Amino acid sequence: MRAFLAVFGREIVERRLLVAASLLLGLVPLAAPWIPGLAQRGDPELQSATALAIALSFSFGLALILGAAIIVGDLAAGRLGFYFARPIPGWAVWAGKLAAACGLALGVGALILLPSSLAERRLQLSGWWNEPLVGNAASALLWVGAVLLLAALGHAAGVALRSRTPWLILDFAGLGLTGWLAWTAGRRLVLAGAFGAANLSSAGLLGLALLALLAAGAVQVLGGRTDLRRGHRLLSSTLWGTLLAGTLAAQGYAAWVLAAGLGDLGHVAVTAAAPRGTWIAVYGAARNRAGYDPEFLLDVASRRAVRIAAVAPSFWPSPWFSADGRWAVWLEPQWSDARGGPFELLRLDLRALRSRPERTRIIYERLPSELTLSADGGRVAVASGRRLTIEEVPSGRLLASAELPRDLGRYEDSLRFMDSGHVRLYGSDLFENGDPALRSAFEAGEMRGAGVVRTARLDDVQDVEISPDGARILARRRSDGRFAVFDAGTGAVLAELPPAGELSRASFLADGRIALVSGGLGKELRIFSPGYAPEQVFRFRMAKSLRLAGEPAPDRLVVTTAPRGPEATRWDIGRTDLLDLSTGSVRRLGHGLLPAAGSHSGPESPASRLFLNHQGQLVQIDLENGRQVPMAGRRST
Amino acid sequence: MKPIELEGLSVRYGTCLALDDVSLAVPEGAVYALLGRNGAGKSSLVRCLLGEQKPTAGRASLFGRDVWKERAAILAEVGVVAEDPDMPPAMSPRQTARFCSRLYPRWDAAGVEARLKRFGVPRDTPFGRLSKGQKGHVALALALACGPRLLVLDDPTLGLDAVARKAVFEELIGELADRGTTVFMTTHDLAGVEPIADRVAVLRQGRLVLDEEMETLKRRFRRISFPRSHEADAARLAALAPVAVASRGLAVEAVVSNFDEERFHAAGPEGPEVSALTLEEIFIALTGEGEERP
């Protein structure tokens with residue numbers, strides 16, 4: 001330790017002029033408010049920001065320069081023998097000099113900050129730093145880590161460049177290879193939306209790089225001593241050996257994370273379900289994979305699962321199914337992550353036994369606000385950037401493109417193919433703060449020729465739902481709280497439903513009937529015919545909440561109720577009943593079940609029988625006996 | 001347990017063999033002079049001896065301990081003067097002495113001050129601004145101040161003027177008289193080392209071609225001159241192992257390496273003229289024919 005302190009102290013003393021220079025530099029930020037151009041900005045944090053910018057620049061720059069010179073300079077000048085001819089252990093030479101380089105770099109930064117801190121009592125950085133810099137342990141640790149990394153990096157670069165041995169070729173090859181391995185490992189994770197795993201992998205690699213640089217420098221000094229060529233050989237083999245192992249491990253980790261199968265999912269959620277057929281899309285957190293949420297297309301009949309690398313469902317739900325249930329399409333990020341473009345449209349033939357995802361070569365530069373697939377899956381319509389386009393999926397040919405008029409709602413809510421050549425767009429015009437509760441109007445429009453024409457405008461409505469065929473709109477008028485049915489093509493009021501209270505909800509059923517759930521404690525479910533005539537009433541006196549879960553068969557409706565009680569709504573202890581609309585009977589299916597799909601599904605959709613049980617598993621309900629068949633997800637313990 | 005033992009030491013730089021299977025031992029209290037032309041491998045040998053460089057093959061031991069493995073512990077008892085004084089250029093001799101004082105258990109601070117004063121070296125001038133002679137004196141003063149059992153001097157008088165060289169050797173003689181320290185020295189100053197060296201070794205193109213007591217060496221090497229016409233003398237010369245033979249007008253002059261005075265004079269009362277050789281003459285005779293390596 002005496003030797004370490006001697007080496008450390010000697011290096012500090014030799015570079016003591018840096019202390020005086022940094023104190024002088026620290027005075028520069030105090031003059032910032034008087035510097036023309038800077039002063040005009042009138043930023044109250046100008047002085048602190050200037051001080052921090054200078055401090056970090058000098059600190060990092062000095063770490064790199066001293067790292068490259070403090071040992072290699074002596075070695076190249078033949079002066080390192082001064083240390084090795086004395087009773088100084090090799091580690092003390094390495095650690096003492098490196099610690100001095102880092103100490104000087106950090107000390108210079110701190111001294112540059114000192115005058116501004118004293119003048120303002122503390123650094124005013126709250127505007128772009130959540131916590132004050134001084135006292136922020138995480139920031140200080142990051143600073144120390146960065147300085148250490150740069151100093152070790154400078155040392156390695158200095159050895160490689162000064163020794164001029166053939167090992168320099170290995171250095172460049174190692175840099176290229178490990179950089180490529182690290183980049184591709186991270187990119188694969190990011191493209192798959194495994195951001196947590198990507199962060200973990202990046203942080204691990206960065207930490208490993210720091211350790212590898214420190215270890216390689218130590219091995220070079222301890223094993224190479226005054227022999228620069230031998231030292232370079234030791235440094236290169238240690239550094240690239242470690243980094244190659246690390247980046248290969250990162251590749252392995254990425255492959256392992258992305259190999260998560262349906263059986264690895266813990267809690268699952270259904271993101272979409274085909275309107276017809278047996279396919280659904282599920283995603284969930286894969287266990288022990290740092291928050292990776294893989295998404296699968298799942299055939300609930302055969303249990304066949306196909307992983308899709310769509311935009312993260314938590315960010316932008318997908319995929320979309322054609323009405324005939326044959327095709328599923330989704331968008332796959334092509335370059336960086338879910339938020340950046342471009343995105344390619346991929347599709348899967350759900351009827352072919354061994355089909356694999358196909359690329360369509362339809363590329364979108366950014367995420368569209370809405371996307372829909374025609375009934376046969378042959379066409380895709382997209383609303384993006386105030387433009388509506390229709391493309392032919394197999395060929396990627398652009399069929400139509402039209403600009404949205406300025407007076408149409410700014411936010412597109414839904415897009416529907418009315419028929420293969422007829423697209424209807426539904427949008428809401430929000431108040432500026434974007435609060436859905438303040439939705440003022442709901443609009444519908446259609447593509448006609450090269451433009452989009454507004455067909456309906458519903459003022460002052462909320463809780464909007466569009467009928468399965470897209471022809472009608474169900475919405476609550478804010479003025480009187482009553483639900484009304486509107487014609488989406490004209491905006492005309494087709495019918496008004498009876499008052500049902502503020503917390504009421506209404507939905508279209510698959511056959512055109514309407515279900516209205518009354519508000520207040522003790523729920524009533526009223527069914528109206530397609531002609532809006534009252535048909536039936538079901539009463540759930542002990543229910544605090546009621547949700548329509550699906551229509552598993554014609555004239556069959558599944559509802560889930562949560563009991564009344566002092567606690568918040570508890571769906572996990574609620575009950576699920578099967579209502580027979582033809583006889584008016586109610587039969588209990590189970591308890592603690594939540595409908596898997598977000599909204600209720602029609603009789604031909606597999607989602608109408610899928611529920612999430614209270615253990616987080618996705619289960620299919622047998623309507624005859626209420627038996628639950630697990631489909632995905634693991635039981636929580 | 002000898003202060004220095006080298007066993008089969010080899011050092012290779014790429015295809016160049018700088019040291020080739022060198023073995024030697026330096027006994028306690030000896031002054032050992034390692035001689036060799038430029039590029040003979042002396043500096044590589046010293047670096048291996050100090051644990052600064054790992055030999056390609058073989059082993060270097062100081063006081064019976066492997067110096068590559070236990071360098072730091074061993075060097076607490078070793079004073080070193082490098083070929084090129086390598087002190088940090090910004091540090092003054094006084095600062096360097098203070099730095100070194102923290103590393104050695106038996107540091108003689110007063111001794112350093114006294115020697116620097118005696119050498120006339122300014123104690124507070126940065127090392128980089130001292131003359132070559134002053135740098136050499138500083139290096140020697142520091143090497144002697146740690147109370148060494150062994151002094152390793154790598155050409156300590158290289159580039160020094162005659163006065164400075166004399167001062168270095170006087171200091172060494174004083175140290176030897178006071179403490180009996182073992183000295184291992186490489187040098188080109190053969191006249192300077194001759195009076196103090198007990199044992200001499202010569203490196204030639206990486207190989208140790210000579211390693212023996214100074215007294216024996218000087219006894220068996222002689223210069224012999226005889227007229228070219230004396231064929232009998234030429235015949236006697238062959239038995240004395242000549243290492244260099246040259247014609248000088250009508251005379252022949254030879255350096256022999258196996259001179260035996262009794263046997264030589266027993267062959268006849270009259271004969272060739274015999275004279276003793278200096279260390280420098282012996283060295284030239286041994287190494288002068290070889291080509292210098294870069």
# chains A, B, ... in the order shown; residues from 1 in each chain; ligands from 1
$ interface_residues --of "chain B" --to "chain A" --cutoff "7 Å" --atoms "only C-alpha atoms" --output "compact mmCIF listing (two decimals) with N, CA, C and O atoms, in the first residue's frame"
# COMPACT_ATOMS: atom_id res chain seq x y z
N LEU B 50 16.85 -7.89 -13.22
CA LEU B 50 16.05 -7.04 -12.33
C LEU B 50 14.56 -7.39 -12.39
O LEU B 50 13.74 -6.70 -11.79
N GLU B 52 12.62 -7.03 -14.86
CA GLU B 52 11.85 -6.11 -15.71
C GLU B 52 11.39 -6.81 -16.98
O GLU B 52 10.44 -6.36 -17.62
N GLN B 53 12.09 -7.86 -17.35
CA GLN B 53 11.79 -8.55 -18.60
C GLN B 53 11.78 -10.04 -18.33
O GLN B 53 12.65 -10.56 -17.63
N ALA B 72 9.52 -7.43 -6.46
CA ALA B 72 9.37 -6.30 -5.55
C ALA B 72 10.03 -6.57 -4.20
O ALA B 72 10.69 -5.68 -3.62
N ALA B 73 9.85 -7.78 -3.71
CA ALA B 73 10.42 -8.10 -2.40
C ALA B 73 11.95 -8.14 -2.46
O ALA B 73 12.63 -7.63 -1.56
N LEU B 75 13.97 -6.61 -4.59
CA LEU B 75 14.63 -5.35 -4.94
C LEU B 75 14.74 -4.38 -3.76
O LEU B 75 15.39 -3.34 -3.87
N ALA B 76 14.13 -4.72 -2.64
CA ALA B 76 14.30 -3.88 -1.45
C ALA B 76 15.76 -3.89 -0.99
O ALA B 76 16.21 -3.00 -0.26
N VAL B 80 20.02 0.08 -7.89
CA VAL B 80 20.12 -0.05 -9.34
C VAL B 80 20.49 1.30 -9.97
O VAL B 80 19.91 2.33 -9.63
N ASP B 86 16.69 7.14 -15.62
CA ASP B 86 15.29 7.18 -16.03
C ASP B 86 14.37 7.81 -14.99
O ASP B 86 13.20 7.49 -14.91
N MET B 87 14.93 8.68 -14.17
CA MET B 87 14.08 9.34 -13.17
C MET B 87 13.04 10.20 -13.90
O MET B 87 13.31 10.71 -14.98
N ALA B 90 10.46 15.67 -14.38
CA ALA B 90 9.96 16.86 -13.68
C ALA B 90 10.34 16.87 -12.20
O ALA B 90 10.18 17.89 -11.52
N PHE B 99 10.61 10.27 -2.64
CA PHE B 99 9.78 9.20 -3.19
C PHE B 99 10.39 7.83 -2.87
O PHE B 99 9.69 6.93 -2.39
N ARG B 102 10.20 6.17 0.71
CA ARG B 102 8.99 5.48 1.17
C ARG B 102 8.99 4.02 0.73
O ARG B 102 8.11 3.26 1.13
N LEU B 103 9.95 3.65 -0.11
CA LEU B 103 9.93 2.31 -0.67
C LEU B 103 10.92 1.36 -0.02
O LEU B 103 10.76 0.15 -0.08
$ residues_around --residues "B:Leu190" --least-positions-apart "6" --cutoff "9 Å" --atoms "only C-alpha atoms" --output "list of chain:residue names"
B:Ala33, B:Leu35, B:Thr278, B:Leu279, B:Glu280, B:Phe283
$ atom_distance --atom1 "atom CA of A:Ser504" --atom2 "atom CA of A:Gly520"
7.9 Å
$ closest_residue --among "B:Val81, B:Leu24, B:Val31, B:Val112" --to "B:Leu62" --atoms "only C-alpha atoms"
B:Leu24
$ residues_around --residues "B:Gly206" --least-positions-apart "5" --cutoff "8 Å" --atoms "only C-alpha atoms" --output "number ranges by chain"
B: 17-20, 22, 40-41
$ atom_distance --atom1 "atom CA of A:Pro405" --atom2 "atom CA of A:Glu443"
12.0 Å
$ residues_around --residues "A:Leu214" --least-positions-apart "5" --cutoff "10 Å" --atoms "only C-alpha atoms" --output "JSON, numbers by chain"
{"A": [94, 95, 98, 148, 149, 151, 152, 153, 155, 156, 208, 209, 219, 220, 235, 239]}
$ write_last_selection --atoms "all heavy atoms" --output "CSV table (one decimal), in the first residue's frame"
chain,number,residue,atom,x,y,z
A,94,TRP,N,0.5,0.0,-11.7
A,94,TRP,CA,-0.7,0.1,-12.5
A,94,TRP,C,-1.8,0.9,-11.8
A,94,TRP,O,-2.4,1.9,-12.3
A,94,TRP,CB,-1.2,-1.3,-12.9
A,94,TRP,CG,-2.6,-1.4,-13.4
A,94,TRP,CD1,-3.6,-2.1,-12.9
A,94,TRP,CD2,-3.2,-0.8,-14.6
A,94,TRP,NE1,-4.8,-2.0,-13.6
A,94,TRP,CE2,-4.5,-1.2,-14.7
A,94,TRP,CE3,-2.7,0.1,-15.5
A,94,TRP,CZ2,-5.4,-0.7,-15.7
A,94,TRP,CZ3,-3.5,0.5,-16.5
A,94,TRP,CH2,-4.9,0.1,-16.6
A,95,ALA,N,-2.1,0.4,-10.6
A,95,ALA,CA,-3.2,1.0,-9.8
A,95,ALA,C,-2.9,2.4,-9.4
A,95,ALA,O,-3.7,3.3,-9.4
A,95,ALA,CB,-3.6,0.2,-8.6
A,98,LEU,N,-3.1,4.6,-12.6
A,98,LEU,CA,-4.5,4.8,-13.0
A,98,LEU,C,-5.3,5.6,-12.1
A,98,LEU,O,-6.1,6.4,-12.5
A,98,LEU,CB,-5.1,3.4,-13.2
A,98,LEU,CG,-6.5,3.4,-13.8
A,98,LEU,CD1,-6.4,3.6,-15.3
A,98,LEU,CD2,-7.2,2.0,-13.6
A,148,LEU,N,-13.2,6.3,-15.2
A,148,LEU,CA,-12.5,5.1,-15.1
A,148,LEU,C,-12.4,4.3,-16.5
A,148,LEU,O,-11.4,3.9,-16.9
A,148,LEU,CB,-13.1,4.2,-14.1
A,148,LEU,CG,-12.2,3.0,-13.5
A,148,LEU,CD1,-11.0,3.5,-12.9
A,148,LEU,CD2,-13.0,2.3,-12.5
A,149,LEU,N,-13.6,4.3,-17.1
A,149,LEU,CA,-13.7,3.6,-18.4
A,149,LEU,C,-12.8,4.3,-19.5
A,149,LEU,O,-12.0,3.7,-20.2
A,149,LEU,CB,-15.1,3.6,-18.9
A,149,LEU,CG,-15.4,2.9,-20.2
A,149,LEU,CD1,-15.2,1.4,-20.1
A,149,LEU,CD2,-16.8,3.2,-20.7
A,151,ALA,N,-10.2,6.3,-18.9
A,151,ALA,CA,-8.8,6.2,-18.6
A,151,ALA,C,-8.2,4.9,-19.0
A,151,ALA,O,-7.2,4.8,-19.6
A,151,ALA,CB,-8.6,6.5,-17.1
A,152,ALA,N,-9.0,3.8,-18.7
A,152,ALA,CA,-8.6,2.5,-19.1
A,152,ALA,C,-8.6,2.3,-20.6
A,152,ALA,O,-7.7,1.7,-21.2
A,152,ALA,CB,-9.5,1.4,-18.5
A,153,LEU,N,-9.6,2.9,-21.3
A,153,LEU,CA,-9.6,2.9,-22.7
A,153,LEU,C,-8.4,3.6,-23.3
A,153,LEU,O,-7.8,3.1,-24.3
A,153,LEU,CB,-10.9,3.5,-23.2
A,153,LEU,CG,-11.3,3.5,-24.7
A,153,LEU,CD1,-11.5,2.1,-25.1
A,153,LEU,CD2,-12.5,4.4,-25.0
A,155,HIS,N,-5.6,4.1,-22.0
A,155,HIS,CA,-4.3,3.3,-21.8
A,155,HIS,C,-4.2,2.2,-22.8
A,155,HIS,O,-3.2,2.0,-23.4
A,155,HIS,CB,-4.4,2.7,-20.4
A,155,HIS,CG,-3.3,1.7,-20.1
A,155,HIS,ND1,-2.0,2.1,-19.9
A,155,HIS,CD2,-3.2,0.3,-20.1
A,155,HIS,CE1,-1.2,1.0,-19.8
A,155,HIS,NE2,-1.9,-0.1,-19.9
A,156,ALA,N,-5.3,1.5,-23.0
A,156,ALA,CA,-5.3,0.3,-24.0
A,156,ALA,C,-5.0,0.9,-25.4
A,156,ALA,O,-4.1,0.3,-26.1
A,156,ALA,CB,-6.6,-0.4,-24.0
A,208,LEU,N,-18.6,-5.2,-18.4
A,208,LEU,CA,-17.6,-6.2,-18.8
A,208,LEU,C,-16.4,-5.5,-19.5
A,208,LEU,O,-15.3,-5.8,-19.3
A,208,LEU,CB,-18.2,-7.3,-19.7
A,208,LEU,CG,-17.2,-8.4,-20.1
A,208,LEU,CD1,-16.9,-9.3,-18.9
A,208,LEU,CD2,-17.7,-9.2,-21.2
A,209,ALA,N,-16.8,-4.5,-20.4
A,209,ALA,CA,-15.8,-3.8,-21.1
A,209,ALA,C,-14.9,-3.0,-20.1
A,209,ALA,O,-13.6,-3.0,-20.3
A,209,ALA,CB,-16.4,-2.8,-22.1
A,219,VAL,N,-2.8,-6.7,-16.6
A,219,VAL,CA,-2.0,-7.8,-17.1
A,219,VAL,C,-0.8,-7.3,-18.0
A,219,VAL,O,0.3,-7.8,-17.9
A,219,VAL,CB,-2.9,-8.8,-18.0
A,219,VAL,CG1,-2.0,-9.8,-18.8
A,219,VAL,CG2,-3.8,-9.5,-17.1
A,220,GLN,N,-1.1,-6.2,-18.7
A,220,GLN,CA,0.0,-5.7,-19.5
A,220,GLN,C,1.1,-5.1,-18.7
A,220,GLN,O,2.3,-5.4,-18.9
A,220,GLN,CB,-0.6,-4.5,-20.4
A,220,GLN,CG,0.4,-3.8,-21.3
A,220,GLN,CD,0.8,-2.5,-20.7
A,220,GLN,OE1,0.0,-1.8,-20.2
A,220,GLN,NE2,2.1,-2.2,-20.7
A,235,LEU,N,-2.0,-7.5,-23.3
A,235,LEU,CA,-3.1,-6.7,-23.3
A,235,LEU,C,-4.2,-7.1,-24.3
A,235,LEU,O,-5.4,-7.3,-24.0
A,235,LEU,CB,-2.7,-5.2,-23.5
A,235,LEU,CG,-3.9,-4.2,-23.4
A,235,LEU,CD1,-3.4,-3.0,-22.6
A,235,LEU,CD2,-4.3,-3.7,-24.8
A,239,LEU,N,-7.8,-8.5,-23.4
A,239,LEU,CA,-8.9,-7.7,-23.7
A,239,LEU,C,-9.9,-8.4,-24.7
A,239,LEU,O,-11.1,-8.5,-24.4
A,239,LEU,CB,-8.4,-6.4,-24.3
A,239,LEU,CG,-9.5,-5.3,-24.7
A,239,LEU,CD1,-10.3,-4.9,-23.5
A,239,LEU,CD2,-8.9,-4.1,-25.4
